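K.L.:
Attaching a single structure in C-alpha cells format; questions to follow.
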Amino acid sequence: MVKKRVRITDTTLRDGHQSLWATRMRTEEMVPILDKLDKVGYNALEVWGGATFDVCLRYLNEDPWERLRTIKRHVHRTPLQMLLRGQSLVGYQHYPDDIVEEFVKKAVENGIDIIRIFDALNDVRNLAKPIEAAKKAGAHVQAAVVYTISPVHTLEHYLETARQLIGLGTDSICIKDMAGLLAPYRAYELVKALKEELKVTVELHSHYIGGMAVGAYLKAADAGVDIVDTAAVPLAFGASQPPVETVVRAFEGTEFDTGLDIHLLFEIAHYFEELRRKNGYERGVTRITDMKVFEHQVPGGMISNLVSQLEEQRALHRIQEVLAEIPRVREDLGYPPLVTPTSQIVGTQAVLNVLAGERYKLVPGEVKAYVRGYYGRPPAPIKEEIARRILGNEEPIACRPADLLEPRLARCAEEIKDLATSPEDVLSYALFPQVARKFFEFRRQKQAEAAAEAVGRPPKKENQPPVQQEVTGGTAAEEENMLNLKEIKELIKVIQDTDITEVHLESDGVKVAIRKGGTAPVMMAPTPVITQVVTEAAPAPAPAVAAEQPAAAPAPAVSPAPEVCKANTVEIVSPMVGTFYRSPAPDAPPFVEVGSMVTEGQTVCIIEAMKLMNEIEAEVSGKVVAVLVENGQPVEYGQPLFLIEKM
C-alpha cells in the first residue's frame, strides 16, 4: 500500500464550538483569526452547517448567510466545508425537494466548496436529492457513513452503504464517528476495506469523548486514510475532536507527516484560549459517565442534553436509570445511530419511560413520526409490539419521506415578502419560520435605529419585535431592557446562601422575581419584548407532527372548578414539568372544551417538555367538567389539568 501525507480538516469554527461552547462563537470573534487559519495548509475549514445556522438566528441575532460570506472574504486559500443533515439540511425535519435544491445552490454561491452530507439512519434515499443538488451546484460532495455499534451495523453494512453513495456520485466518503466509538483496530479494518474495494478518498471524523480517537486516527493512517478531523486545543477534547497539535506531533517525522507548522498552530490556539477565558467557557473534559460511552453509546453532547432534560424535570438523580434505558429504547426502535435527530428521539423517549414508571406510556409526536417512517428506514425493523403500542393498526410509510412533501418555496416567499430582502432570507424562513421572522423584525428595527441615529434623531421603537435573548453569556445581557447578568447571578447566590426565599427587583422599568426552589428568574419588560431563558436549539417537529406552539403571554388564574361529585370524578394530571397547550397548533381549536365527551386514550392536550410536544391522553371515558390550566402556562409534575366526570 502506498503511504502518503495525512491531510487535516479543521472543525474549530463548526463542530468544535458546537460540541463545547453550545455553538455560541460569534462571527466577530472568528474574523481576527481567519487569516492565520487560512495560512496553516488545512485540507478544509469546516465553518458552516450543523447547528450553526439555527443558533445564529435563534440566539445570536446573526444572519448565517452573512457569516458565510464574511468568512469567504477572509479565507482565500483553504476550501470551506459545511455539514448537511441530508434531506433535513440544517434543520430537524425533512424539507421538500425544491427547498433542498435552492438551499444547496445558495450555500455554494455564498462560499461553500465542500458539502459533507449524512443521514442519521444511513438511509441512502434521504441523501439522493442533496447529493444531486450539490453536484449540480459544483461542490465537492462528501457523503458520510454514520458509525455506530449494533448487531446490524457490520462491516458489510458500511461497505454496502458506501457502495450506494458512490453510485449516487459522491466524490469522497467520510466515516462519521459522532460518539467516539470507533476503536483503533476497527478503524483500521473499516478504512482498509473502503480503500481496497472502492478506491475512494476516505476521511475519518471522530470525537475524543471516550479517549480512543487519536489511536483510531493512527491506525486509520496505517490503513490508508486520506484526511482526519481535528480542532484547536482550546476547543478539543471532551465531546469535541482530538486536538490538531497532538495529531500533528503524532505524525511528525513519519511517512504520514502532515507538514503543518506547529508554531502557527499554537498561535491560533492562544487566540482561542483567550476567547475561551473571556467568555467563561469550560475546557473539553472526559468524565466517568462519558467513559461509559462504550456501554450506553451516548455521545457527550447527548449526555449534556439529557442532564438539561432531567434538571428541567427535577429528576437529575435518575440519570443512571436513563442511561441504562437508552440501549433498550434503541434496540426497540431498530438500532438508530445516536446522532441528530435520532439521538433526541431515543433520549427523550428513554427519559419519559423512566419518569412515567411505565415504558411507552408517554410517546411524543417525534417518536410517533419516527415509527411511522417519516425520518426514513431504520437500520433494523422496529419491534412489532412496540410499533403496535405506538401506532395501533396504522401502517408505517414505505416511500422516501420527502416524497410526501409538496413544494413549498414559493409559498414561503409569499408569506415572508414583507420582511425578506434576499432569496437567502426566504430559505431561512423556510427552515425556521418563527425564528427567522423574529430575526428579520429585529434586523429591520436595528436598521431603522441606525438610520435615525445617522440623521441625529432618536429611533422610533414602535412594534419592537419579540427577540429571543440568551441569558447564559455573550452579549445578550447588553440588549435593551435586560438587567445585568452578573447582578442576577449575585442575587441568586444570595438567596442560595441565606434564609431569603424571594426577591423582587425593578430597574429602568424591568422587573425581576427570583424565588428559592422556583423556576428561572422572570423578567417583565414594559415594551412588548418577550425575553426567554433558553439553553439550546429546539428541534422542529417532523412531518405530520403537531406544529410548534408559540410562547404565550401570562394569563390570569383559572376560575375554580365547578362542584361535581368527587367520587365519580377523575383528575388528569401533568406527567411532567412543561408548558400546557390546549390545541395541536396556534390556529387550531382546542382538543377538548368544558362539556366535551372524551373516550379513554383520546388526546386532551399537549405538554411541551424536553424540546418535544407530548400528547396527553384521557385515562377514562367521560365528560370534561373543568379545564384547570390556561393555554400556554407552565405546569409542574402532578399538577391537575382537567376534571373528567366518568359516564
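Each chain in the C-alpha cells gets a letter, A, B and so on, in the order shown; residues start at 1 in every chain, and ligands are counted from 1 in the order they appear.
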Give me the residues near Glu311 (chain A) as a list in words, where near means some atom within 12 Å (using only C-alpha atoms) and where sequence neighbours in that chain fewer than 6 positions away do not count.
P.N.:
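Close residues of Glu311 (chain A): Ser304, Asn305, His317, Arg318, Ile319, Val351, Thr519, Ala520, Met576, Val577, Gly578, Ala609 and Met610 of chain A.
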K.L.:
Could you dump the residues just selected with N, CA and C atoms as an mmCIF file, in the first residue's frame?
P.N.:
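Generated output (result.cif):
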```cif
data_model
loop_
_atom_site.group_PDB
_atom_site.id
_atom_site.type_symbol
_atom_site.label_atom_id
_atom_site.label_comp_id
_atom_site.auth_asym_id
_atom_site.auth_seq_id
_atom_site.Cartn_x
_atom_site.Cartn_y
_atom_site.Cartn_z
ATOM 1 N N SER A 304 -25.133 15.880 27.708
ATOM 2 C CA SER A 304 -25.432 17.233 28.177
ATOM 3 C C SER A 304 -26.909 17.541 28.024
ATOM 4 N N ASN A 305 -27.496 17.105 26.907
ATOM 5 C CA ASN A 305 -28.918 17.340 26.676
ATOM 6 C C ASN A 305 -29.768 16.566 27.677
ATOM 7 N N HIS A 317 -31.228 13.041 39.513
ATOM 8 C CA HIS A 317 -30.742 11.886 40.269
ATOM 9 C C HIS A 317 -31.060 10.564 39.567
ATOM 10 N N ARG A 318 -31.862 10.612 38.525
ATOM 11 C CA ARG A 318 -32.250 9.382 37.819
ATOM 12 C C ARG A 318 -31.496 9.201 36.503
ATOM 13 N N ILE A 319 -30.402 9.923 36.322
ATOM 14 C CA ILE A 319 -29.704 9.865 35.043
ATOM 15 C C ILE A 319 -29.138 8.475 34.745
ATOM 16 N N VAL A 351 -36.059 9.049 28.687
ATOM 17 C CA VAL A 351 -36.389 9.885 29.850
ATOM 18 C C VAL A 351 -37.850 9.700 30.234
ATOM 19 N N THR A 519 -38.796 28.575 39.599
ATOM 20 C CA THR A 519 -38.301 28.477 38.241
ATOM 21 C C THR A 519 -37.258 29.543 38.002
ATOM 22 N N ALA A 520 -36.809 29.662 36.763
ATOM 23 C CA ALA A 520 -35.778 30.624 36.414
ATOM 24 C C ALA A 520 -36.280 32.033 36.651
ATOM 25 N N MET A 576 -45.338 15.496 33.705
ATOM 26 C CA MET A 576 -44.005 16.086 33.607
ATOM 27 C C MET A 576 -44.083 17.585 33.816
ATOM 28 N N VAL A 577 -42.919 18.188 33.997
ATOM 29 C CA VAL A 577 -42.813 19.641 34.039
ATOM 30 C C VAL A 577 -42.743 20.150 32.602
ATOM 31 N N GLY A 578 -43.538 21.158 32.274
ATOM 32 C CA GLY A 578 -43.513 21.654 30.908
ATOM 33 C C GLY A 578 -44.479 22.800 30.707
ATOM 34 N N ALA A 609 -42.299 19.636 26.596
ATOM 35 C CA ALA A 609 -41.240 19.400 27.576
ATOM 36 C C ALA A 609 -40.075 18.745 26.873
ATOM 37 N N MET A 610 -38.883 19.074 27.309
ATOM 38 C CA MET A 610 -37.674 18.468 26.761
ATOM 39 C C MET A 610 -37.588 18.668 25.255
#
```
K.L.:
Mind the document's chain letters and residue numbers, and return as a list in words the residues of region 40-128 of chain A that DSSP labels strand (DSSP E or B).
P.N.:
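For region 40-128 of chain A, the strand (DSSP E or B) set is Ala44, Leu45, Glu46, Val47, Trp48, Gly49, Leu80, Gln81, Met82, Leu83, Leu84, Ile114, Ile115, Arg116 and Ile117 of chain A.
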K.L.:
Go ahead and write the residues just picked, C-alpha atoms, as a short mmCIF file (atom, residue, chain, number, x, y, z; two decimals), in the first residue's frame.
P.N.:
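Okay, result-v3.cif is ready:
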```cif
data_model
loop_
_atom_site.label_atom_id
_atom_site.label_comp_id
_atom_site.auth_asym_id
_atom_site.auth_seq_id
_atom_site.Cartn_x
_atom_site.Cartn_y
_atom_site.Cartn_z
CA ALA A 44 -10.56 22.39 4.58
CA LEU A 45 -12.10 24.61 7.23
CA GLU A 46 -15.48 23.35 8.42
CA VAL A 47 -17.28 26.61 9.21
CA TRP A 48 -20.99 26.20 8.48
CA GLY A 49 -23.95 23.86 8.79
CA LEU A 80 -14.73 25.99 3.12
CA GLN A 81 -16.76 22.99 4.24
CA MET A 82 -20.23 22.59 5.71
CA LEU A 83 -22.22 19.78 7.34
CA LEU A 84 -25.60 18.99 5.79
CA ILE A 114 -17.19 21.01 0.20
CA ILE A 115 -20.52 19.65 1.46
CA ARG A 116 -20.42 16.75 3.89
CA ILE A 117 -23.84 15.08 3.76
#
```
K.L.:
Find the residues near Lys39 (chain A): any atom within 10 Å, counting only C-alpha atoms, skip ones fewer than 6 places away on the same chain, and give them as an mmCIF file with C-alpha atoms, in the first residue's frame.
P.N.:
```cif
data_model
loop_
_atom_site.group_PDB
_atom_site.id
_atom_site.type_symbol
_atom_site.label_atom_id
_atom_site.label_comp_id
_atom_site.auth_asym_id
_atom_site.auth_seq_id
_atom_site.Cartn_x
_atom_site.Cartn_y
_atom_site.Cartn_z
ATOM 1 C CA VAL A 75 -10.253 32.903 3.524
ATOM 2 C CA HIS A 76 -8.629 32.735 0.092
ATOM 3 C CA ARG A 77 -6.523 29.552 0.062
ATOM 4 C CA THR A 78 -8.439 26.946 2.043
ATOM 5 C CA LEU A 260 1.732 21.706 9.234
ATOM 6 C CA ASP A 261 3.566 24.412 11.198
ATOM 7 C CA LEU A 264 1.471 28.658 13.835
ATOM 8 C CA LEU A 265 -0.998 26.173 15.315
#
```
K.L.:
With only C-alpha atoms as the basis for distance, which of A:Val228, A:Val145, A:Ile616, A:Ala315 is at the shortest distance from Val339 (chain A)?
P.N.:
A:Val145
K.L.:
Would you mind listing what lies within 10 Å of Lys136 (chain A) as a PyMOL selection string, with only C-alpha atoms counted and same-chain residues fewer than 3 positions away left out?
P.N.:
chain A and resi 101+104-105+130-133+139
K.L.:
Using only C-alpha atoms, what table do you get, as CSV, when you list each residue of region 33-62 of chain A with an atom no more than 10 Å from region 435-458 of chain A, its nearest pair of atoms, and their distance in Å rounded to one decimal, rows by chain then rising number?
P.N.:
```
residue,atom,partner,partner_atom,distance
A:Asp54,CA,A:Val435,CA,8.3
A:Val55,CA,A:Val435,CA,9.8
A:Cys56,CA,A:Phe439,CA,9.5
A:Leu57,CA,A:Phe439,CA,6.1
A:Arg58,CA,A:Val435,CA,5.8
A:Tyr59,CA,A:Val435,CA,9.4
A:Leu60,CA,A:Phe439,CA,9.5
A:Asn61,CA,A:Phe439,CA,6.2
A:Glu62,CA,A:Phe439,CA,7.9
```
K.L.:
Next, the residues of the selection above should be written as an mmCIF file, in the first residue's frame with C-alpha atoms.
P.N.:
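The resulting result.cif:
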```cif
data_model
loop_
_atom_site.group_PDB
_atom_site.id
_atom_site.type_symbol
_atom_site.label_atom_id
_atom_site.label_comp_id
_atom_site.auth_asym_id
_atom_site.auth_seq_id
_atom_site.Cartn_x
_atom_site.Cartn_y
_atom_site.Cartn_z
ATOM 1 C CA ASP A 54 -30.151 27.756 13.721
ATOM 2 C CA VAL A 55 -28.113 29.227 16.577
ATOM 3 C CA CYS A 56 -27.092 32.273 14.544
ATOM 4 C CA LEU A 57 -30.739 33.180 14.021
ATOM 5 C CA ARG A 58 -32.224 31.955 17.287
ATOM 6 C CA TYR A 59 -29.709 33.091 19.895
ATOM 7 C CA LEU A 60 -27.029 35.323 18.362
ATOM 8 C CA ASN A 61 -29.222 37.593 16.207
ATOM 9 C CA GLU A 62 -26.855 36.991 13.308
#
```
K.L.:
Give the answer as one residue: which of A:Ile386, A:Met212, A:Ile397, A:Leu338 has the shortest atom-to-atom distance to Arg372 (chain A), using only C-alpha atoms?
P.N.:
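Result for the nearest residue to Arg372 (chain A): A:Ile397.
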K.L.:
Would you mind writing down, as a PyMOL selection string, each residue of region 261-442 of chain A that DSSP on the backbone assigns to alpha helix (DSSP H)?
P.N.:
chain A and resi 262-279+288-291+293-296+300-312+319-332+342-356+365-372+384-391+409-415+423-431+433-442
K.L.:
Pick out the closest residue to Thr599 (chain A) from this set: A:Ile644, A:Met613, A:Ile112, A:Ala120. Count only C-alpha atoms.
P.N.:
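Using only C-alpha atoms, the shortest distance to Thr599 (chain A) belongs to A:Ile644.
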K.L.:
Residues within 12 Å of Ala143 (chain A), please, as a PyMOL selection string. Count only C-alpha atoms; anything in the same chain fewer than 5 positions from it doesn't count.
P.N.:
chain A and resi 82-86+114-119+122-124+126-128+130-132+134-135+161-176+200-204
K.L.:
So how many Å separate CA of Glu196 (chain A) and CA of Phe251 (chain A), to one decimal?
P.N.:
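One can read the CA of Glu196 (chain A) to CA of Phe251 (chain A) distance as 22.7 Å.
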K.L.:
Which residues, written as a PyMOL selection string, have at least one atom at most 6 Å from region 95-98 of chain A, with only C-alpha atoms counted and residues fewer than 4 positions away on the same chain left out?
P.N.:
chain A and resi 88+402+405+407
K.L.:
Restricted to C-alpha atoms, what would the selected residues look like written as a PDB file, in the first residue's frame?
P.N.:
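Result file is again_3.pdb:
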```pdb
ATOM      1  CA  SER A  88     -33.112  17.859   6.786  1.00  0.00           C
ATOM      2  CA  ALA A 402     -39.824  13.673   1.258  1.00  0.00           C
ATOM      3  CA  LEU A 405     -43.990  16.724   0.858  1.00  0.00           C
ATOM      4  CA  PRO A 407     -43.115  22.053  -2.971  1.00  0.00           C
TER       5      PRO A 407
END
```
K.L.:
With distances taken over only C-alpha atoms, which of A:Val625, A:Ala223, A:Val592, A:Val244 is nearest to Thr258 (chain A)?
P.N.:
A:Val244
K.L.:
Within 7 Å of region 332-334 of chain A, counting only C-alpha atoms, which residues qualify if same-chain residues fewer than 5 places away don't, as a PyMOL selection string?
P.N.:
chain A and resi 378-383+386
K.L.:
Please compute the CA of Val371 (chain A)-CA of Tyr92 (chain A) distance, one decimal, in Å.
P.N.:
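CA of Tyr92 (chain A) lies at a distance of 16.1 Å from CA of Val371 (chain A).
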